>>> print(open('run14.cif').read())   # mmCIF, C-alpha atoms and all ligand atoms
data_model
loop_
_atom_site.label_atom_id
_atom_site.label_comp_id
_atom_site.auth_asym_id
_atom_site.auth_seq_id
_atom_site.Cartn_x
_atom_site.Cartn_y
_atom_site.Cartn_z
CA MET A 27 -51.46 61.91 -96.36
CA LEU A 28 -53.75 61.33 -93.34
CA ALA A 29 -55.88 58.88 -95.33
CA LEU A 30 -52.72 56.94 -96.21
CA MET A 31 -51.60 56.95 -92.58
CA ASP A 32 -55.11 55.94 -91.43
CA ARG A 33 -54.91 52.78 -93.54
CA ALA A 34 -51.41 51.83 -92.34
CA THR A 35 -51.97 52.62 -88.65
CA THR A 36 -55.27 50.70 -88.58
CA LEU A 37 -53.73 47.69 -90.35
CA TRP A 38 -50.75 47.56 -87.97
CA HIS A 39 -52.62 48.72 -84.82
CA ILE A 40 -50.37 51.75 -84.41
CA PRO A 41 -51.66 53.93 -81.55
CA VAL A 42 -52.52 57.24 -83.22
CA VAL A 43 -55.50 59.43 -82.32
CA GLY A 44 -57.32 58.27 -85.45
CA ARG A 45 -60.30 59.58 -87.38
CA ALA A 46 -63.05 59.91 -84.73
CA LYS A 47 -60.92 61.75 -82.18
CA GLY A 48 -59.33 63.65 -85.05
CA ARG A 49 -62.73 65.07 -85.99
CA VAL A 50 -63.20 66.42 -82.44
CA ILE A 51 -59.68 67.91 -82.42
CA ARG A 52 -60.30 69.57 -85.78
CA ARG A 53 -63.63 71.02 -84.55
CA LEU A 54 -61.92 72.39 -81.41
CA ILE A 55 -59.26 74.09 -83.53
CA GLU A 56 -61.90 75.55 -85.87
CA ARG A 57 -63.86 76.90 -82.88
CA HIS A 58 -60.94 78.29 -80.80
CA ARG A 59 -58.59 79.32 -83.66
CA PRO A 60 -55.31 78.69 -81.76
CA THR A 61 -52.08 79.94 -83.33
CA ARG A 62 -49.38 78.42 -81.12
CA ALA A 63 -49.90 74.73 -80.47
CA ILE A 64 -47.79 72.08 -78.78
CA GLU A 65 -48.06 68.31 -78.93
CA ILE A 66 -46.45 65.97 -76.39
CA GLY A 67 -45.85 62.58 -78.05
CA SER A 68 -45.86 62.53 -81.86
CA LEU A 69 -44.98 58.97 -82.94
CA LEU A 70 -45.08 59.19 -86.77
CA GLY A 71 -46.76 62.58 -87.08
CA TYR A 72 -50.41 61.61 -87.59
CA SER A 73 -51.79 64.00 -84.96
CA ALA A 74 -49.14 66.59 -85.90
CA ILE A 75 -50.40 66.65 -89.50
CA LEU A 76 -54.00 66.74 -88.28
CA ILE A 77 -53.36 69.69 -85.91
CA ALA A 78 -51.02 71.67 -88.16
CA GLY A 79 -53.38 71.19 -91.12
CA ALA A 80 -56.31 72.59 -89.11
CA LEU A 81 -54.51 75.63 -87.66
CA PRO A 82 -55.16 79.03 -89.19
CA PRO A 83 -52.55 80.20 -91.77
CA ARG A 84 -50.21 81.83 -89.23
CA GLY A 85 -50.54 78.90 -86.79
CA ARG A 86 -47.47 76.96 -85.65
CA LEU A 87 -47.08 73.60 -83.93
CA ILE A 88 -44.20 72.35 -81.78
CA CYS A 89 -43.98 68.55 -81.55
CA VAL A 90 -42.06 67.05 -78.64
CA GLU A 91 -41.08 63.42 -79.27
CA SER A 92 -38.67 61.52 -77.01
CA ASN A 93 -37.59 58.96 -79.61
CA PRO A 94 -35.08 60.66 -81.95
CA TYR A 95 -35.70 58.13 -84.72
CA LEU A 96 -39.46 58.80 -84.63
CA ALA A 97 -38.83 62.55 -84.40
CA LYS A 98 -37.15 62.37 -87.84
CA PHE A 99 -40.24 60.61 -89.24
CA VAL A 100 -42.51 63.29 -87.80
CA LYS A 101 -40.44 66.00 -89.48
CA SER A 102 -40.30 64.29 -92.88
CA ASN A 103 -43.99 63.24 -92.79
CA ALA A 104 -45.01 66.83 -91.98
CA GLU A 105 -42.87 68.01 -94.92
CA VAL A 106 -44.46 65.47 -97.27
CA ALA A 107 -47.87 66.72 -96.12
CA GLY A 108 -46.82 70.24 -97.11
CA LEU A 109 -46.73 71.42 -93.48
CA GLY A 110 -42.98 71.61 -92.94
CA ARG A 111 -43.01 75.37 -92.35
CA ARG A 112 -45.69 75.12 -89.68
CA VAL A 113 -44.28 72.19 -87.72
CA LYS A 114 -41.17 72.27 -85.55
CA VAL A 115 -40.07 68.95 -84.08
CA VAL A 116 -38.05 68.82 -80.86
CA ALA A 117 -36.50 65.44 -80.03
CA GLY A 118 -36.31 64.84 -76.29
CA ASP A 119 -38.13 63.92 -73.11
CA ALA A 120 -41.00 66.37 -72.71
CA LEU A 121 -40.28 66.80 -69.00
CA ARG A 122 -36.84 68.15 -69.93
CA VAL A 123 -37.93 70.02 -73.06
CA ILE A 124 -41.03 71.92 -71.83
CA PRO A 125 -39.16 74.08 -69.26
CA LEU A 126 -36.81 75.23 -72.05
CA LEU A 127 -39.58 76.42 -74.39
CA SER A 128 -40.22 80.14 -74.60
CA GLY A 129 -43.49 81.90 -75.36
CA ARG A 130 -47.06 80.90 -74.59
CA PHE A 131 -49.35 78.24 -76.05
CA ASP A 132 -53.07 78.19 -76.78
CA PHE A 133 -53.54 74.54 -77.81
CA VAL A 134 -52.03 71.36 -76.35
CA LEU A 135 -52.35 67.68 -77.21
CA ILE A 136 -50.95 65.36 -74.52
CA ASP A 137 -50.39 61.84 -75.84
CA ALA A 138 -47.13 60.48 -74.38
CA ALA A 139 -46.25 58.58 -71.15
CA LYS A 140 -49.57 58.14 -69.35
CA GLU A 141 -48.15 58.35 -65.80
CA ASP A 142 -46.62 61.75 -66.62
CA TYR A 143 -49.69 63.58 -67.99
CA LEU A 144 -50.14 65.64 -64.82
CA ASP A 145 -46.45 66.59 -64.75
CA TYR A 146 -46.59 67.69 -68.41
CA LEU A 147 -49.63 69.82 -67.62
CA ARG A 148 -48.11 71.34 -64.47
CA GLN A 149 -45.02 72.34 -66.46
CA LEU A 150 -47.17 73.77 -69.25
CA GLU A 151 -49.68 75.66 -67.08
CA PRO A 152 -47.54 78.82 -66.63
CA LYS A 153 -47.01 78.88 -70.42
CA LEU A 154 -50.72 78.78 -71.34
CA VAL A 155 -52.87 81.75 -72.27
CA PRO A 156 -56.37 82.10 -70.76
CA GLY A 157 -58.78 80.14 -72.95
CA ALA A 158 -56.09 77.62 -73.95
CA VAL A 159 -57.43 74.22 -74.97
CA VAL A 160 -55.73 71.10 -73.59
CA VAL A 161 -56.64 67.71 -75.05
CA ALA A 162 -55.51 64.57 -73.19
CA ASP A 163 -55.81 61.34 -75.15
CA ASN A 164 -56.55 57.83 -73.84
CA THR A 165 -58.40 58.82 -70.67
CA GLY A 166 -60.66 55.79 -71.17
CA ILE A 167 -58.17 52.95 -71.61
CA PHE A 168 -55.66 54.41 -69.13
CA ARG A 169 -58.21 55.75 -66.62
CA ARG A 170 -56.35 54.44 -63.59
CA ASP A 171 -52.97 55.92 -64.64
CA LEU A 172 -54.65 59.18 -65.55
CA ALA A 173 -56.74 59.52 -62.36
CA PRO A 174 -54.46 62.25 -60.86
CA TYR A 175 -54.60 64.20 -64.14
CA LEU A 176 -58.38 63.94 -64.36
CA GLU A 177 -58.78 64.96 -60.71
CA HIS A 178 -56.59 68.03 -61.38
CA VAL A 179 -58.53 69.33 -64.39
CA ARG A 180 -61.94 68.48 -62.94
CA ASP A 181 -61.47 69.77 -59.36
CA SER A 182 -59.03 72.66 -59.59
CA ALA A 183 -61.25 75.26 -57.90
CA GLY A 184 -62.82 76.23 -61.21
CA ARG A 185 -59.48 76.91 -62.95
CA TRP A 186 -60.33 74.46 -65.71
CA LEU A 187 -63.56 73.80 -67.56
CA SER A 188 -63.22 70.13 -68.41
CA ARG A 189 -65.27 67.43 -70.08
CA GLU A 190 -64.70 63.97 -71.41
CA HIS A 191 -65.48 62.91 -74.97
CA ASP A 192 -66.42 59.25 -75.09
CA PHE A 193 -65.42 57.14 -78.09
CA GLY A 194 -66.74 53.76 -76.98
CA GLY A 195 -63.51 51.87 -76.28
CA ASP A 196 -61.58 54.99 -75.22
CA ALA A 197 -62.04 58.62 -74.25
CA MET A 198 -60.35 62.00 -74.52
CA GLU A 199 -60.46 64.83 -71.93
CA VAL A 200 -60.83 68.35 -73.27
CA SER A 201 -60.02 71.10 -70.76
CA ILE A 202 -60.23 74.87 -71.27
CA LEU A 203 -58.18 77.16 -69.04
CA ARG A 204 -60.51 79.81 -67.64
CA GLY A 205 -59.53 83.46 -68.05
C1 LIG B 1 -49.42 57.20 -78.52
S1 LIG B 1 -47.94 57.74 -79.29
C2 LIG B 1 -48.40 59.33 -79.93
C3 LIG B 1 -49.36 59.26 -81.09
C4 LIG B 1 -49.54 60.59 -81.79
N1 LIG B 1 -49.97 61.63 -80.87
C5 LIG B 1 -50.57 60.45 -82.88
O1 LIG B 1 -51.77 60.40 -82.58
O2 LIG B 1 -50.18 60.39 -84.06
C6 LIG B 1 -46.96 58.18 -77.91
C7 LIG B 1 -45.62 58.81 -78.28
O3 LIG B 1 -45.10 59.48 -77.12
C8 LIG B 1 -43.71 59.38 -77.13
N2 LIG B 1 -43.25 59.62 -75.75
C9 LIG B 1 -43.31 58.81 -74.68
N3 LIG B 1 -42.80 59.41 -73.58
C10 LIG B 1 -42.43 60.65 -73.98
C11 LIG B 1 -41.83 61.75 -73.32
N4 LIG B 1 -41.53 61.69 -72.02
N5 LIG B 1 -41.59 62.87 -74.02
C12 LIG B 1 -41.90 62.95 -75.34
N6 LIG B 1 -42.45 61.94 -76.03
C13 LIG B 1 -42.72 60.80 -75.36
C14 LIG B 1 -43.45 57.96 -77.63
O4 LIG B 1 -42.13 57.82 -78.14
C15 LIG B 1 -44.54 57.81 -78.70
O5 LIG B 1 -44.04 58.17 -79.96
#
>>> encode(input="run14.cif", output="structure tokens")
Amino acid sequence: MLALMDRATTLWHIPVVGRAKGRVIRRLIERHRPTRAIEIGSLLGYSAILIAGALPPRGRLICVESNPYLAKFVKSNAEVAGLGRRVKVVAGDALRVIPLLSGRFDFVLIDAAKEDYLDYLRQLEPKLVPGAVVVADNTGIFRRDLAPYLEHVRDSAGRWLSREHDFGGDAMEVSILRG
């Protein structure tokens, strides 16, 4: 399924995380073994399938997608990939949805409105367990929009351990919440 989506998204320049960043995300999941993940911004479900497919057997992923039409695609693509039971899709603006979510998360992918990354993270912070991994996509191409986010995870009095992964044309920030 991901190989099929890789071909289509590359051909049509659809902004998904793609293979190189996907490898890093997969490695992070293998290393940290999260079981309750959340993704902000799902588009067609590429990163959802990648994350849900890498989670351990009891792992679950919540996808928050503001476009209700796309949210339906995410759900059906996850089902086609055999991951329907692991993926729950919530259609709505993440800034309205996150405060309504119960429980705690140990893995986050942020890949929605660039100017809102810091607000997503601030809303999520009280819902994260120590050691939670937060991945923020597009920190290279949207560096200026994401400056407040990057300042927060890099200079938060040691609360976060954060580093950038460079992919040539773009980058991705990986931040671990200290215990
Ligand atoms: C770059 S795409 C996500 C790509 C996806 N993560 C992947 O790699 O397959 C950004 C998505 O964020 C969604 N989005 C934008 N603002 C949002 C918001 N406030 N809440 C939830 N989703 C949002 C858009 O509708 C779009 O589908």
>>> residues_around(input="run14.cif", residues="Gly85 (chain A)", least_positions_apart="4", cutoff="7 Å", atoms="all atoms listed in the file", output="PDB file with C-alpha atoms, in the coordinates of the input")
ATOM      1  CA  PRO A  60     -55.310  78.690 -81.760  1.00  0.00           C
ATOM      2  CA  THR A  61     -52.080  79.940 -83.330  1.00  0.00           C
ATOM      3  CA  ARG A  62     -49.380  78.420 -81.120  1.00  0.00           C
ATOM      4  CA  LEU A  81     -54.510  75.630 -87.660  1.00  0.00           C
ATOM      5  CA  ARG A 112     -45.690  75.120 -89.680  1.00  0.00           C
TER       6      ARG A 112
END
>>> closest_residue(input="run14.cif", among="A:Gly48, A:Pro94, A:Gly108, A:Gly166", to="Leu76 (chain A)", atoms="only C-alpha atoms")
A:Gly48
>>> axis_aligned_box(input="run14.cif", around="region 103-114 of chain A", padding_each_side="3 Å", output="AutoDock Vina command-line options")
--center_x -44.5 --center_y 69.3 --center_z -91.4 --size_x 12.7 --size_y 18.1 --size_z 17.7
>>> closest_residue(input="run14.cif", among="A:Met31, A:Ile202, A:Ile124, A:Ile66", to="ligand LIG 1 (chain B)", atoms="only C-alpha atoms and all ligand atoms")
A:Ile66
>>> closest_residue(input="run14.cif", among="A:Asp196, A:Asp119, A:Glu65, A:Asp171", to="Asp132 (chain A)", atoms="only C-alpha atoms")
A:Glu65
>>> atom_distance(input="run14.cif", atom1="CA of Leu69 (chain A)", atom2="CA of Val161 (chain A)")
16.6 Å
>>> residues_near_ligand(input="run14.cif", ligand="ligand LIG 1 (chain B)", cutoff="7 Å", atoms="only C-alpha atoms and all ligand atoms", output="list in words")
Pro41, Val42, Val43, Gly44, Ile66, Gly67, Ser68, Leu69, Leu70, Gly71, Tyr72, Ser73, Ala74, Val90, Glu91, Ser92, Asn93, Leu96, Gly118, Asp119, Ala120, Leu121, Asp137, Ala138 and Ala139 of chain A
>>> write_last_selection(input="run14.cif", atoms="C-alpha atoms", output="tab-separated table (two decimals), keeping the file's coordinate frame")
chain	number	residue	atom	x	y	z
A	41	PRO	CA	-51.66	53.93	-81.55
A	42	VAL	CA	-52.52	57.24	-83.22
A	43	VAL	CA	-55.50	59.43	-82.32
A	44	GLY	CA	-57.32	58.27	-85.45
A	66	ILE	CA	-46.45	65.97	-76.39
A	67	GLY	CA	-45.85	62.58	-78.05
A	68	SER	CA	-45.86	62.53	-81.86
A	69	LEU	CA	-44.98	58.97	-82.94
A	70	LEU	CA	-45.08	59.19	-86.77
A	71	GLY	CA	-46.76	62.58	-87.08
A	72	TYR	CA	-50.41	61.61	-87.59
A	73	SER	CA	-51.79	64.00	-84.96
A	74	ALA	CA	-49.14	66.59	-85.90
A	90	VAL	CA	-42.06	67.05	-78.64
A	91	GLU	CA	-41.08	63.42	-79.27
A	92	SER	CA	-38.67	61.52	-77.01
A	93	ASN	CA	-37.59	58.96	-79.61
A	96	LEU	CA	-39.46	58.80	-84.63
A	118	GLY	CA	-36.31	64.84	-76.29
A	119	ASP	CA	-38.13	63.92	-73.11
A	120	ALA	CA	-41.00	66.37	-72.71
A	121	LEU	CA	-40.28	66.80	-69.00
A	137	ASP	CA	-50.39	61.84	-75.84
A	138	ALA	CA	-47.13	60.48	-74.38
A	139	ALA	CA	-46.25	58.58	-71.15
>>> closest_residue(input="run14.cif", among="A:Arg52, A:Arg33, A:Lys140, A:Arg111", to="Tyr175 (chain A)", atoms="all atoms listed in the file")
A:Lys140
>>> atom_distance(input="run14.cif", atom1="CA of Glu190 (chain A)", atom2="CA of Tyr143 (chain A)")
15.4 Å
>>> closest_residue(input="run14.cif", among="A:Ala34, A:Ala78, A:Val179, A:Val50", to="Lys114 (chain A)", atoms="all atoms listed in the file")
A:Ala78
>>> atom_distance(input="run14.cif", atom1="CA of Leu135 (chain A)", atom2="CA of Ile64 (chain A)")
6.5 Å
>>> closest_residue(input="run14.cif", among="A:Leu144, A:Ala183, A:Leu203, A:Ile136", to="Pro156 (chain A)", atoms="all atoms listed in the file")
A:Leu203
>>> residues_near_point(input="run14.cif", point="(-58.3, 66.7, -64.3)", cutoff="10 Å", atoms="only C-alpha atoms", output="list of chain:residue names")
A:Tyr143, A:Leu144, A:Leu147, A:Ala162, A:Leu172, A:Ala173, A:Pro174, A:Tyr175, A:Leu176, A:Glu177, A:His178, A:Val179, A:Arg180, A:Asp181, A:Ser182, A:Trp186, A:Leu187, A:Ser188, A:Arg189, A:Glu190, A:Glu199, A:Val200, A:Ser201
>>> residues_around(input="run14.cif", residues="Asp32 (chain A)", least_positions_apart="4", cutoff="8 Å", atoms="all atoms listed in the file", output="list in words")
Leu28, Thr36, Gly44 and Arg45 of chain A
>>> decode(input="run14.cif", residues="region 147-165 of chain A", atoms="N, CA, C and O atoms", output="compact mmCIF listing (two decimals), in the first residue's frame")
# COMPACT_ATOMS: atom_id res chain seq x y z
N LEU A 147 1.47 21.60 20.11
CA LEU A 147 2.35 20.99 21.11
C LEU A 147 1.95 21.43 22.52
O LEU A 147 1.91 20.61 23.44
N ARG A 148 1.65 22.72 22.68
CA ARG A 148 1.27 23.20 24.03
C ARG A 148 0.01 22.49 24.52
O ARG A 148 -0.11 22.16 25.69
N GLN A 149 -0.93 22.24 23.60
CA GLN A 149 -2.15 21.53 24.00
C GLN A 149 -1.85 20.06 24.33
O GLN A 149 -2.50 19.46 25.18
N LEU A 150 -0.88 19.50 23.60
CA LEU A 150 -0.58 18.08 23.81
C LEU A 150 0.30 17.84 25.03
O LEU A 150 0.23 16.77 25.64
N GLU A 151 1.13 18.80 25.40
CA GLU A 151 2.14 18.58 26.45
C GLU A 151 1.57 17.93 27.73
O GLU A 151 2.13 16.96 28.22
N PRO A 152 0.42 18.43 28.25
CA PRO A 152 -0.09 17.78 29.48
C PRO A 152 -0.58 16.35 29.25
O PRO A 152 -0.83 15.62 30.21
N LYS A 153 -0.72 15.95 27.99
CA LYS A 153 -1.22 14.60 27.67
C LYS A 153 -0.10 13.65 27.28
O LYS A 153 -0.36 12.57 26.76
N LEU A 154 1.15 14.09 27.44
CA LEU A 154 2.28 13.24 27.03
C LEU A 154 2.91 12.55 28.24
O LEU A 154 3.01 13.15 29.31
N VAL A 155 3.36 11.31 28.02
CA VAL A 155 4.08 10.61 29.09
C VAL A 155 5.55 10.99 29.00
O VAL A 155 6.03 11.34 27.91
N PRO A 156 6.30 10.90 30.12
CA PRO A 156 7.75 11.14 30.05
C PRO A 156 8.37 10.16 29.04
O PRO A 156 7.99 8.99 29.00
N GLY A 157 9.27 10.66 28.22
CA GLY A 157 9.89 9.82 27.19
C GLY A 157 9.13 9.85 25.88
O GLY A 157 9.56 9.21 24.90
N ALA A 158 8.00 10.58 25.84
CA ALA A 158 7.22 10.66 24.59
C ALA A 158 8.07 11.26 23.47
O ALA A 158 8.90 12.15 23.71
N VAL A 159 7.84 10.76 22.27
CA VAL A 159 8.59 11.22 21.09
C VAL A 159 7.66 12.11 20.26
O VAL A 159 6.55 11.70 19.92
N VAL A 160 8.12 13.33 19.94
CA VAL A 160 7.32 14.23 19.11
C VAL A 160 8.12 14.56 17.85
O VAL A 160 9.24 15.07 17.92
N VAL A 161 7.54 14.23 16.69
CA VAL A 161 8.18 14.49 15.41
C VAL A 161 7.44 15.64 14.73
O VAL A 161 6.21 15.58 14.59
N ALA A 162 8.17 16.67 14.35
CA ALA A 162 7.56 17.81 13.63
C ALA A 162 8.14 17.85 12.23
O ALA A 162 9.36 17.98 12.05
N ASP A 163 7.25 17.72 11.24
CA ASP A 163 7.73 17.66 9.85
C ASP A 163 7.90 19.07 9.26
O ASP A 163 7.29 20.04 9.74
N ASN A 164 8.72 19.16 8.24
CA ASN A 164 8.89 20.38 7.42
C ASN A 164 9.59 21.54 8.14
O ASN A 164 9.33 22.71 7.82
N THR A 165 10.47 21.22 9.09
CA THR A 165 11.17 22.30 9.80
C THR A 165 12.25 22.95 8.94
O THR A 165 12.80 23.98 9.31
